[in-house]
$ cat final28.pdb   # PDB, C-alpha atoms and all ligand atoms
ATOM      1  CA  MET A   1       0.000   0.000   0.000
ATOM      2  CA  SER A   2       1.395   3.390  -1.046
ATOM      3  CA  LYS A   3       2.412   5.693   1.779
ATOM      4  CA  THR A   4       1.519   8.691  -0.384
ATOM      5  CA  HIS A   5      -2.025  10.023  -0.187
ATOM      6  CA  LEU A   6      -3.264  13.150  -1.981
ATOM      7  CA  GLY A   7       0.341  14.043  -2.807
ATOM      8  CA  HIS A   8       1.590  13.834   0.783
ATOM      9  CA  THR A   9       3.940  11.092   1.986
ATOM     10  CA  ALA A  10       2.737   9.837   5.382
ATOM     11  CA  ARG A  11       5.207  10.491   8.212
ATOM     12  CA  LYS A  12       5.389   7.659  10.684
ATOM     13  CA  ARG A  13       6.821   9.835  13.451
ATOM     14  CA  PHE A  14       3.644  11.955  13.374
ATOM     15  CA  GLY A  15       1.407   8.876  13.454
ATOM     16  CA  GLN A  16       0.011   9.680  10.016
ATOM     17  CA  ASN A  17      -2.675   7.239   8.869
ATOM     18  CA  PHE A  18      -5.142   9.184   6.759
ATOM     19  CA  LEU A  19      -8.826   8.298   6.687
ATOM     20  CA  HIS A  20     -10.145   7.739   3.173
ATOM     21  CA  ASP A  21     -13.311   5.673   3.684
ATOM     22  CA  ASP A  22     -16.283   7.959   3.070
ATOM     23  CA  TYR A  23     -18.684   5.678   4.972
ATOM     24  CA  VAL A  24     -16.491   5.777   8.102
ATOM     25  CA  ILE A  25     -15.896   9.528   7.725
ATOM     26  CA  GLY A  26     -19.684  10.094   7.472
ATOM     27  CA  LYS A  27     -20.306   7.979  10.592
ATOM     28  CA  ILE A  28     -17.715   9.929  12.589
ATOM     29  CA  VAL A  29     -19.043  13.315  11.505
ATOM     30  CA  SER A  30     -22.605  12.327  12.399
ATOM     31  CA  ALA A  31     -21.399  11.048  15.813
ATOM     32  CA  ILE A  32     -19.741  14.438  16.404
ATOM     33  CA  ASN A  33     -22.856  16.241  15.101
ATOM     34  CA  PRO A  34     -21.053  19.578  14.657
ATOM     35  CA  GLN A  35     -23.193  22.735  14.702
ATOM     36  CA  SER A  36     -22.557  26.401  14.084
ATOM     37  CA  GLY A  37     -22.048  28.388  17.267
ATOM     38  CA  GLN A  38     -19.977  25.618  18.876
ATOM     39  CA  ASN A  39     -16.281  25.949  19.709
ATOM     40  CA  LEU A  40     -15.048  23.040  17.598
ATOM     41  CA  VAL A  41     -11.386  22.031  17.736
ATOM     42  CA  GLU A  42      -9.772  19.296  15.656
ATOM     43  CA  ILE A  43      -6.462  17.751  16.673
ATOM     44  CA  GLY A  44      -4.363  16.487  13.739
ATOM     45  CA  PRO A  45      -6.479  17.554  10.722
ATOM     46  CA  GLY A  46      -3.896  16.128   8.321
ATOM     47  CA  LEU A  47      -5.248  16.191   4.771
ATOM     48  CA  GLY A  48      -8.711  17.251   5.923
ATOM     49  CA  ALA A  49     -10.663  13.959   5.902
ATOM     50  CA  LEU A  50     -12.735  15.179   8.874
ATOM     51  CA  THR A  51     -11.947  18.895   8.541
ATOM     52  CA  ASP A  52     -13.674  19.312   5.182
ATOM     53  CA  PRO A  53     -17.043  17.732   6.030
ATOM     54  CA  VAL A  54     -17.102  19.453   9.443
ATOM     55  CA  CYS A  55     -16.258  22.813   7.832
ATOM     56  CA  ASP A  56     -19.211  22.288   5.504
ATOM     57  CA  GLU A  57     -21.554  22.081   8.519
ATOM     58  CA  VAL A  58     -20.317  24.916  10.734
ATOM     59  CA  ASP A  59     -19.302  28.572  10.801
ATOM     60  CA  ALA A  60     -15.980  28.082  12.645
ATOM     61  CA  LEU A  61     -13.397  25.356  13.223
ATOM     62  CA  THR A  62      -9.978  25.551  14.862
ATOM     63  CA  VAL A  63      -7.450  22.907  13.845
ATOM     64  CA  ILE A  64      -4.147  22.050  15.521
ATOM     65  CA  GLU A  65      -1.534  20.448  13.281
ATOM     66  CA  LEU A  66       2.100  19.746  14.138
ATOM     67  CA  ASP A  67       3.354  18.791  10.664
ATOM     68  CA  ARG A  68       4.602  21.994   9.029
ATOM     69  CA  ASP A  69       3.817  20.795   5.471
ATOM     70  CA  LEU A  70       0.262  19.832   6.388
ATOM     71  CA  ALA A  71      -0.295  23.103   8.290
ATOM     72  CA  LYS A  72       0.911  24.953   5.178
ATOM     73  CA  ARG A  73      -1.542  22.997   3.004
ATOM     74  CA  LEU A  74      -4.339  23.831   5.450
ATOM     75  CA  ARG A  75      -3.491  27.515   5.205
ATOM     76  CA  HIS A  76      -4.351  27.190   1.502
ATOM     77  CA  HIS A  77      -7.747  25.704   2.381
ATOM     78  CA  PRO A  78     -10.588  27.705   0.787
ATOM     79  CA  PHE A  79     -12.023  28.417   4.258
ATOM     80  CA  ASN A  80      -8.723  29.416   5.882
ATOM     81  CA  GLY A  81      -9.109  32.760   7.619
ATOM     82  CA  THR A  82     -12.887  32.718   7.352
ATOM     83  CA  LYS A  83     -14.261  29.545   8.950
ATOM     84  CA  LEU A  84     -10.955  27.783   9.470
ATOM     85  CA  ASN A  85      -8.352  28.796  12.041
ATOM     86  CA  VAL A  86      -5.101  26.832  11.636
ATOM     87  CA  ILE A  87      -2.784  26.548  14.641
ATOM     88  CA  GLU A  88       0.593  24.992  13.807
ATOM     89  CA  GLN A  89       1.562  23.515  17.163
ATOM     90  CA  ASP A  90       2.098  20.346  19.146
ATOM     91  CA  ALA A  91      -1.317  19.641  20.738
ATOM     92  CA  MET A  92       0.572  18.241  23.750
ATOM     93  CA  THR A  93       1.795  21.742  24.593
ATOM     94  CA  LEU A  94      -1.392  23.638  23.750
ATOM     95  CA  ASP A  95      -3.194  25.273  26.669
ATOM     96  CA  PHE A  96      -6.797  24.335  25.818
ATOM     97  CA  THR A  97      -8.170  26.492  28.652
ATOM     98  CA  ALA A  98      -6.380  29.538  27.202
ATOM     99  CA  LEU A  99      -7.591  28.560  23.718
ATOM    100  CA  LEU A 100     -11.197  28.620  24.957
ATOM    101  CA  LYS A 101     -10.645  32.022  26.622
ATOM    102  CA  SER A 102      -9.350  33.370  23.299
ATOM    103  CA  MET A 103     -12.513  32.378  21.421
ATOM    104  CA  SER A 104     -15.327  34.762  20.580
ATOM    105  CA  ALA A 105     -17.806  32.816  22.764
ATOM    106  CA  PRO A 106     -15.633  31.606  25.687
ATOM    107  CA  GLU A 107     -18.721  30.654  27.724
ATOM    108  CA  THR A 108     -19.370  27.791  25.271
ATOM    109  CA  LYS A 109     -17.019  24.921  26.108
ATOM    110  CA  LEU A 110     -14.768  23.279  23.517
ATOM    111  CA  ARG A 111     -15.863  20.307  21.467
ATOM    112  CA  VAL A 112     -12.606  18.505  20.631
ATOM    113  CA  PHE A 113     -12.250  15.755  18.037
ATOM    114  CA  GLY A 114      -9.634  14.047  15.944
ATOM    115  CA  ASN A 115      -8.178  10.949  14.423
ATOM    116  CA  LEU A 116      -5.304  11.028  16.893
ATOM    117  CA  PRO A 117      -1.698  10.062  16.238
ATOM    118  CA  TYR A 118      -1.666   6.712  18.051
ATOM    119  CA  ASN A 119       1.924   7.110  19.282
ATOM    120  CA  ILE A 120       0.894   9.959  21.628
ATOM    121  CA  SER A 121      -2.829   9.290  22.162
ATOM    122  CA  THR A 122      -2.634   8.340  25.858
ATOM    123  CA  PRO A 123      -0.441  11.263  27.052
ATOM    124  CA  LEU A 124      -2.515  13.576  24.843
ATOM    125  CA  MET A 125      -5.737  12.425  26.523
ATOM    126  CA  PHE A 126      -4.153  12.944  29.959
ATOM    127  CA  HIS A 127      -3.166  16.454  28.831
ATOM    128  CA  LEU A 128      -6.786  17.084  27.765
ATOM    129  CA  PHE A 129      -8.111  15.693  31.069
ATOM    130  CA  ASP A 130      -6.167  18.524  32.767
ATOM    131  CA  HIS A 131      -8.376  20.906  30.775
ATOM    132  CA  ALA A 132     -11.613  18.926  31.242
ATOM    133  CA  ALA A 133     -13.374  21.927  32.818
ATOM    134  CA  SER A 134     -13.069  23.765  29.473
ATOM    135  CA  ILE A 135     -14.302  20.838  27.367
ATOM    136  CA  GLU A 136     -17.896  19.859  26.530
ATOM    137  CA  ASP A 137     -16.985  16.587  24.834
ATOM    138  CA  MET A 138     -14.311  14.772  22.808
ATOM    139  CA  HIS A 139     -14.565  12.314  19.910
ATOM    140  CA  PHE A 140     -11.379  10.459  19.118
ATOM    141  CA  MET A 141     -10.246   7.741  16.767
ATOM    142  CA  LEU A 142      -7.851   5.553  18.734
ATOM    143  CA  GLN A 143      -6.408   2.088  18.690
ATOM    144  CA  LYS A 144      -9.322  -0.234  19.469
ATOM    145  CA  GLU A 145      -7.325  -1.688  22.346
ATOM    146  CA  VAL A 146      -7.079   1.804  23.890
ATOM    147  CA  VAL A 147     -10.840   2.337  23.563
ATOM    148  CA  ASN A 148     -11.372  -1.037  25.273
ATOM    149  CA  ARG A 149      -9.078   0.084  28.086
ATOM    150  CA  LEU A 150     -10.801   3.463  28.451
ATOM    151  CA  ALA A 151     -14.228   1.807  28.746
ATOM    152  CA  ALA A 152     -13.291  -1.284  30.815
ATOM    153  CA  GLY A 153     -14.703  -1.935  34.273
ATOM    154  CA  PRO A 154     -13.355  -3.986  37.195
ATOM    155  CA  GLY A 155     -12.886  -7.662  36.389
ATOM    156  CA  SER A 156     -12.111  -7.058  32.715
ATOM    157  CA  LYS A 157      -8.688  -7.908  31.257
ATOM    158  CA  SER A 158      -8.526  -4.416  29.718
ATOM    159  CA  TYR A 159      -9.164  -2.670  33.060
ATOM    160  CA  GLY A 160      -6.215  -0.607  34.269
ATOM    161  CA  ARG A 161      -4.850   2.796  35.210
ATOM    162  CA  LEU A 162      -6.193   4.363  32.001
ATOM    163  CA  SER A 163      -9.745   3.067  32.730
ATOM    164  CA  VAL A 164      -9.739   4.431  36.289
ATOM    165  CA  MET A 165      -8.313   7.835  35.393
ATOM    166  CA  ALA A 166     -10.430   8.295  32.242
ATOM    167  CA  GLN A 167     -13.590   7.348  34.114
ATOM    168  CA  TYR A 168     -12.718   9.746  36.934
ATOM    169  CA  TYR A 169     -12.745  12.591  34.382
ATOM    170  CA  CYS A 170     -15.226  11.425  31.778
ATOM    171  CA  HIS A 171     -18.185   9.342  30.804
ATOM    172  CA  VAL A 172     -16.697   6.936  28.212
ATOM    173  CA  ILE A 173     -18.873   5.812  25.279
ATOM    174  CA  PRO A 174     -17.423   3.569  22.512
ATOM    175  CA  VAL A 175     -19.012   4.656  19.219
ATOM    176  CA  LEU A 176     -17.667   2.714  16.235
ATOM    177  CA  ASN A 177     -15.082   0.100  15.270
ATOM    178  CA  VAL A 178     -12.935   0.940  12.247
ATOM    179  CA  PRO A 179     -10.861  -1.591  10.236
ATOM    180  CA  PRO A 180      -7.293  -0.832   9.042
ATOM    181  CA  GLY A 181      -8.497  -0.603   5.408
ATOM    182  CA  ALA A 182     -10.281   2.695   6.170
ATOM    183  CA  PHE A 183      -6.861   4.423   6.354
ATOM    184  CA  LYS A 184      -3.960   5.143   4.012
ATOM    185  CA  PRO A 185      -1.536   3.705   4.837
ATOM    186  CA  PRO A 186      -3.459   1.115   6.907
ATOM    187  CA  PRO A 187      -2.300   0.886  10.547
ATOM    188  CA  LYS A 188      -1.231  -2.521  11.873
ATOM    189  CA  VAL A 189      -4.012  -2.465  14.476
ATOM    190  CA  ASP A 190      -7.799  -2.174  14.579
ATOM    191  CA  SER A 191      -9.191   1.239  15.466
ATOM    192  CA  ALA A 192     -12.295   2.568  17.182
ATOM    193  CA  VAL A 193     -13.983   5.887  17.833
ATOM    194  CA  VAL A 194     -14.854   6.881  21.370
ATOM    195  CA  ARG A 195     -16.895   9.734  22.836
ATOM    196  CA  LEU A 196     -15.566  11.178  26.109
ATOM    197  CA  VAL A 197     -17.873  13.504  28.035
ATOM    198  CA  PRO A 198     -16.260  15.228  31.040
ATOM    199  CA  HIS A 199     -18.372  14.849  34.192
ATOM    200  CA  ALA A 200     -20.104  18.017  35.397
ATOM    201  CA  THR A 201     -19.195  16.916  38.945
ATOM    202  CA  ALA A 202     -16.520  14.378  39.771
ATOM    203  CA  PRO A 203     -18.053  10.928  40.438
ATOM    204  CA  VAL A 204     -15.905  10.515  43.586
ATOM    205  CA  ASP A 205     -14.142  12.956  45.923
ATOM    206  CA  VAL A 206     -10.382  12.850  45.497
ATOM    207  CA  ILE A 207      -8.024  14.894  47.693
ATOM    208  CA  SER A 208      -5.073  14.700  45.292
ATOM    209  CA  LEU A 209      -5.286  13.556  41.664
ATOM    210  CA  ASN A 210      -1.537  12.985  41.630
ATOM    211  CA  THR A 211      -1.944  10.564  44.505
ATOM    212  CA  LEU A 212      -4.838   8.794  42.753
ATOM    213  CA  GLU A 213      -2.643   8.388  39.651
ATOM    214  CA  ARG A 214       0.283   7.192  41.736
ATOM    215  CA  VAL A 215      -1.794   4.617  43.649
ATOM    216  CA  CYS A 216      -3.360   3.333  40.397
ATOM    217  CA  ALA A 217       0.032   3.125  38.685
ATOM    218  CA  GLN A 218       1.540   1.256  41.630
ATOM    219  CA  ALA A 219      -1.373  -1.180  41.967
ATOM    220  CA  PHE A 220      -1.646  -1.928  38.225
ATOM    221  CA  ASN A 221       2.106  -2.083  37.543
ATOM    222  CA  GLN A 222       2.069  -5.183  39.714
ATOM    223  CA  ARG A 223      -1.444  -6.295  38.825
ATOM    224  CA  ARG A 224      -0.895  -9.938  39.801
ATOM    225  CA  LYS A 225       0.074  -8.878  43.323
ATOM    226  CA  THR A 226      -2.424  -8.270  46.118
ATOM    227  CA  ILE A 227      -2.812  -4.614  47.112
ATOM    228  CA  ARG A 228      -1.313  -5.531  50.489
ATOM    229  CA  ASN A 229       1.934  -6.105  48.553
ATOM    230  CA  SER A 230       1.724  -3.594  45.710
ATOM    231  CA  LEU A 231       0.796  -0.700  48.037
ATOM    232  CA  LYS A 232       2.910  -1.742  51.018
ATOM    233  CA  ASP A 233       5.152   1.322  50.907
ATOM    234  CA  CYS A 234       2.150   3.633  51.447
ATOM    235  CA  LEU A 235      -0.520   1.598  53.336
ATOM    236  CA  ASN A 236      -0.230  -1.467  55.569
ATOM    237  CA  GLU A 237      -2.651  -4.384  55.755
ATOM    238  CA  THR A 238      -4.500  -3.006  58.813
ATOM    239  CA  GLN A 239      -4.931   0.403  57.234
ATOM    240  CA  ILE A 240      -6.366  -1.175  54.058
ATOM    241  CA  SER A 241      -8.782  -3.314  56.128
ATOM    242  CA  GLU A 242      -9.880  -0.264  58.130
ATOM    243  CA  LEU A 243     -10.929   1.334  54.840
ATOM    244  CA  GLY A 244     -13.347  -1.572  54.346
ATOM    245  CA  LEU A 245     -11.225  -3.094  51.568
ATOM    246  CA  ASP A 246      -9.777  -6.600  51.346
ATOM    247  CA  PRO A 247      -5.947  -6.382  51.499
ATOM    248  CA  THR A 248      -5.705  -9.659  49.539
ATOM    249  CA  SER A 249      -7.646  -8.288  46.571
ATOM    250  CA  ARG A 250      -5.903  -7.333  43.310
ATOM    251  CA  ALA A 251      -6.071  -3.999  41.489
ATOM    252  CA  GLU A 252      -8.178  -5.462  38.694
ATOM    253  CA  VAL A 253     -11.220  -5.951  40.978
ATOM    254  CA  LEU A 254     -11.169  -2.495  42.606
ATOM    255  CA  SER A 255     -13.618   0.195  41.482
ATOM    256  CA  LEU A 256     -12.878   3.887  40.919
ATOM    257  CA  LYS A 257     -14.480   4.507  44.322
ATOM    258  CA  ASP A 258     -12.112   1.962  45.945
ATOM    259  CA  PHE A 259      -9.093   3.647  44.331
ATOM    260  CA  ALA A 260     -10.325   7.038  45.551
ATOM    261  CA  THR A 261     -10.671   5.596  49.085
ATOM    262  CA  LEU A 262      -7.102   4.233  48.972
ATOM    263  CA  ALA A 263      -5.670   7.435  47.455
ATOM    264  CA  ASN A 264      -7.439   9.660  50.012
ATOM    265  CA  ALA A 265      -6.067   7.524  52.852
ATOM    266  CA  VAL A 266      -2.549   7.903  51.405
ATOM    267  CA  SER A 267      -3.057  11.687  51.064
ATOM    268  CA  ALA A 268      -4.253  11.922  54.686
ATOM    269  CA  LEU A 269      -1.166  10.013  55.913
ATOM    270  CA  GLU A 270       1.203  12.158  53.863
ATOM    271  CA  ASN A 271      -0.179  15.433  55.235
TER     272      ASN A 271
HETATM  273  N1  LIG A 301      -7.316  13.748  10.571
HETATM  274  C1  LIG A 301      -6.575  13.158   9.490
HETATM  275  C2  LIG A 301      -7.302  11.957   8.956
HETATM  276  O1  LIG A 301      -8.188  11.462   9.660
HETATM  277  O2  LIG A 301      -7.010  11.534   7.842
HETATM  278  C3  LIG A 301      -5.147  12.764   9.939
HETATM  279  C4  LIG A 301      -5.052  11.811  11.092
HETATM  280  S1  LIG A 301      -3.431  11.186  11.396
HETATM  281  C5  LIG A 301      -3.823   9.700  12.264
HETATM  282  C6  LIG A 301      -2.840  12.173  12.762
HETATM  283  C7  LIG A 301      -2.611  13.640  12.451
HETATM  284  O3  LIG A 301      -2.115  14.277  13.638
HETATM  285  C8  LIG A 301      -1.576  13.917  11.381
HETATM  286  O4  LIG A 301      -2.030  14.949  10.548
HETATM  287  C9  LIG A 301      -0.338  14.358  12.163
HETATM  288  O5  LIG A 301       0.540  15.181  11.436
HETATM  289  C10 LIG A 301      -0.973  15.080  13.323
HETATM  290  N2  LIG A 301      -0.151  15.143  14.540
HETATM  291  C11 LIG A 301       0.767  14.262  14.970
HETATM  292  N3  LIG A 301       1.266  14.614  16.158
HETATM  293  C12 LIG A 301       0.631  15.775  16.506
HETATM  294  C13 LIG A 301       0.689  16.632  17.620
HETATM  295  N4  LIG A 301       1.514  16.376  18.629
HETATM  296  N5  LIG A 301      -0.068  17.755  17.632
HETATM  297  C14 LIG A 301      -0.930  18.015  16.600
HETATM  298  N6  LIG A 301      -1.037  17.221  15.514
HETATM  299  C15 LIG A 301      -0.285  16.115  15.464
END
$ encode --input "final28.pdb" --output "structure tokens" --more "lines below"
Ligand code: SAM
Amino acid sequence: MSKTHLGHTARKRFGQNFLHDDYVIGKIVSAINPQSGQNLVEIGPGLGALTDPVCDEVDALTVIELDRDLAKRLRHHPFNGTKLNVIEQDAMTLDFTALLKSMSAPETKLRVFGNLPYNISTPLMFHLFDHAASIEDMHFMLQKEVVNRLAAGPGSKSYGRLSVMAQYYCHVIPVLNVPPGAFKPPPKVDSAVVRLVPHATAPVDVISLNTLERVCAQAFNQRRKTIRNSLKDCLNETQISELGLDPTSRAEVLSLKDFATLANAVSALEN
């Protein structure tokens, strides 16, 4: 399969797999349901597979593209400067809260979407979670395995740190599975689209998000170990029992609420 699409040679380091299946593109655009008056932001517009049909529906769209050649192409887009606002930047370093403040209707939260570069999709989502208060919703094409992990609950093989943290910030709704043939060049993995809707109020009270992340990372890095062992440097067996949790349980059976309970106990001990 040629790595060149619409005159552009796909760059692996930027995770470039361009959508070319009109059926899939149509499904994604209708899942996003873009409307005029919304603060729409696309990450990684590339050659415009999603940009063009979204632009047709709305009066304004901001796109963030890291690849200089693609950003240059986008600046030649017929809507550039009218409907289309091209930002040539690494989305990982973009302050989405400041971006919202700079918009003409900053009281209307951002609607973020994109066929994300898979090599940075997880850190990019964590970066966006930091700006969740400025975001109405997100629609992302990701590796199917990542969507499974985002949506997984306790007891599932896919359940892990990403599930707990994503579900702390967002309601996670898998939307559509997408086969490799929908892209040029085709990725080696299956893909899926997910909708992430930040919670209006956090589903559990957490004293320190850093501590929640740390406790999750520690418990899931040693997922075959009991939490009595994996968390022994921050909580002992008695302390875990006093929280109403079984010290012999493993991370994979604990709920978000259980992780919040453990993290809050660690925070209380550290203060
Ligand atoms: N949206 C297009 C499509 O569906 O055909 C392209 C998707 S391609 C998987 C990912 C896009 O993200 C590429 O255009 C790539 O250059 C861009 N990209 C990669 N890393 C980026 C980053 N850190 N910030 C912004 N864009 C990035």
$ residues_near_ligand --input "final28.pdb" --ligand "ligand LIG 301 (chain A)" --cutoff "8 Å" --atoms "only C-alpha atoms and all ligand atoms" --output "number ranges by chain"
A: 11, 13-20, 42-51, 64-67, 70, 88-92, 114-118, 120, 124, 183
$ residues_around --input "final28.pdb" --residues "Val204 in chain A" --least-positions-apart "2" --cutoff "12 Å" --atoms "only C-alpha atoms" --output "list in words"
Val164, Met165, Gln167, Tyr168, Tyr169, Cys170, His199, Ala200, Thr201, Ala202, Val206, Ile207, Ser208, Leu209, Leu212, Ser255, Leu256, Lys257, Asp258, Phe259, Ala260, Thr261, Ala263 and Asn264 of chain A
$ write_last_selection --input "final28.pdb" --atoms "C-alpha atoms" --output "PDB file, in the coordinates of the input"
ATOM      1  CA  VAL A 164      -9.739   4.431  36.289  1.00  0.00           C
ATOM      2  CA  MET A 165      -8.313   7.835  35.393  1.00  0.00           C
ATOM      3  CA  GLN A 167     -13.590   7.348  34.114  1.00  0.00           C
ATOM      4  CA  TYR A 168     -12.718   9.746  36.934  1.00  0.00           C
ATOM      5  CA  TYR A 169     -12.745  12.591  34.382  1.00  0.00           C
ATOM      6  CA  CYS A 170     -15.226  11.425  31.778  1.00  0.00           C
ATOM      7  CA  HIS A 199     -18.372  14.849  34.192  1.00  0.00           C
ATOM      8  CA  ALA A 200     -20.104  18.017  35.397  1.00  0.00           C
ATOM      9  CA  THR A 201     -19.195  16.916  38.945  1.00  0.00           C
ATOM     10  CA  ALA A 202     -16.520  14.378  39.771  1.00  0.00           C
ATOM     11  CA  VAL A 206     -10.382  12.850  45.497  1.00  0.00           C
ATOM     12  CA  ILE A 207      -8.024  14.894  47.693  1.00  0.00           C
ATOM     13  CA  SER A 208      -5.073  14.700  45.292  1.00  0.00           C
ATOM     14  CA  LEU A 209      -5.286  13.556  41.664  1.00  0.00           C
ATOM     15  CA  LEU A 212      -4.838   8.794  42.753  1.00  0.00           C
ATOM     16  CA  SER A 255     -13.618   0.195  41.482  1.00  0.00           C
ATOM     17  CA  LEU A 256     -12.878   3.887  40.919  1.00  0.00           C
ATOM     18  CA  LYS A 257     -14.480   4.507  44.322  1.00  0.00           C
ATOM     19  CA  ASP A 258     -12.112   1.962  45.945  1.00  0.00           C
ATOM     20  CA  PHE A 259      -9.093   3.647  44.331  1.00  0.00           C
ATOM     21  CA  ALA A 260     -10.325   7.038  45.551  1.00  0.00           C
ATOM     22  CA  THR A 261     -10.671   5.596  49.085  1.00  0.00           C
ATOM     23  CA  ALA A 263      -5.670   7.435  47.455  1.00  0.00           C
ATOM     24  CA  ASN A 264      -7.439   9.660  50.012  1.00  0.00           C
TER      25      ASN A 264
END
$ resolve_selection --input "final28.pdb" --expression "the PyMOL selection byres (((chain A and resi 252) around 7) and not hetatm)" --output "PyMOL selection string"
chain A and resi 154-155+159-160+223+250-251+253-254
$ resolve_selection --input "final28.pdb" --expression "the PyMOL selection byres (((chain A and resi 56) around 12) and not hetatm)" --output "list of chain:residue names"
A:Val29, A:Asn33, A:Pro34, A:Gln35, A:Ser36, A:Gly48, A:Ala49, A:Leu50, A:Thr51, A:Asp52, A:Pro53, A:Val54, A:Cys55, A:Glu57, A:Val58, A:Asp59, A:Ala60, A:Leu61, A:Pro78, A:Phe79, A:Lys83, A:Leu84
$ atom_distance --input "final28.pdb" --atom1 "CA of Gln222 in chain A" --atom2 "CA of Val266 in chain A"
18.1 Å
$ residues_around --input "final28.pdb" --residues "range 126-132 of chain A" --least-positions-apart "2" --cutoff "10 Å" --atoms "all atoms listed in the file" --output "ChimeraX atom specification"
/A:91-98,109-110,112,121-124,134-138,162,165-166,168-170,197-200
$ closest_residue --input "final28.pdb" --among "A:Val24, A:Ala105, A:Val86, A:Met125" --to "Val175 in chain A" --atoms "only C-alpha atoms"
A:Val24
$ closest_residue --input "final28.pdb" --among "A:Lys184, A:Ala10, A:Arg224, A:Pro174" --to "Asp69 in chain A" --atoms "all atoms listed in the file"
A:Ala10
$ residues_near_point --input "final28.pdb" --point "(-9.2, 2.8, 54.7)" --cutoff "12 Å" --atoms "all atoms listed in the file" --output "PyMOL selection string"
chain A and resi 234-247+257-269
$ closest_residue --input "final28.pdb" --among "A:Val215, A:Ala152, A:Leu40, A:Ile28" --to "Val193 in chain A" --atoms "only C-alpha atoms"
A:Ile28
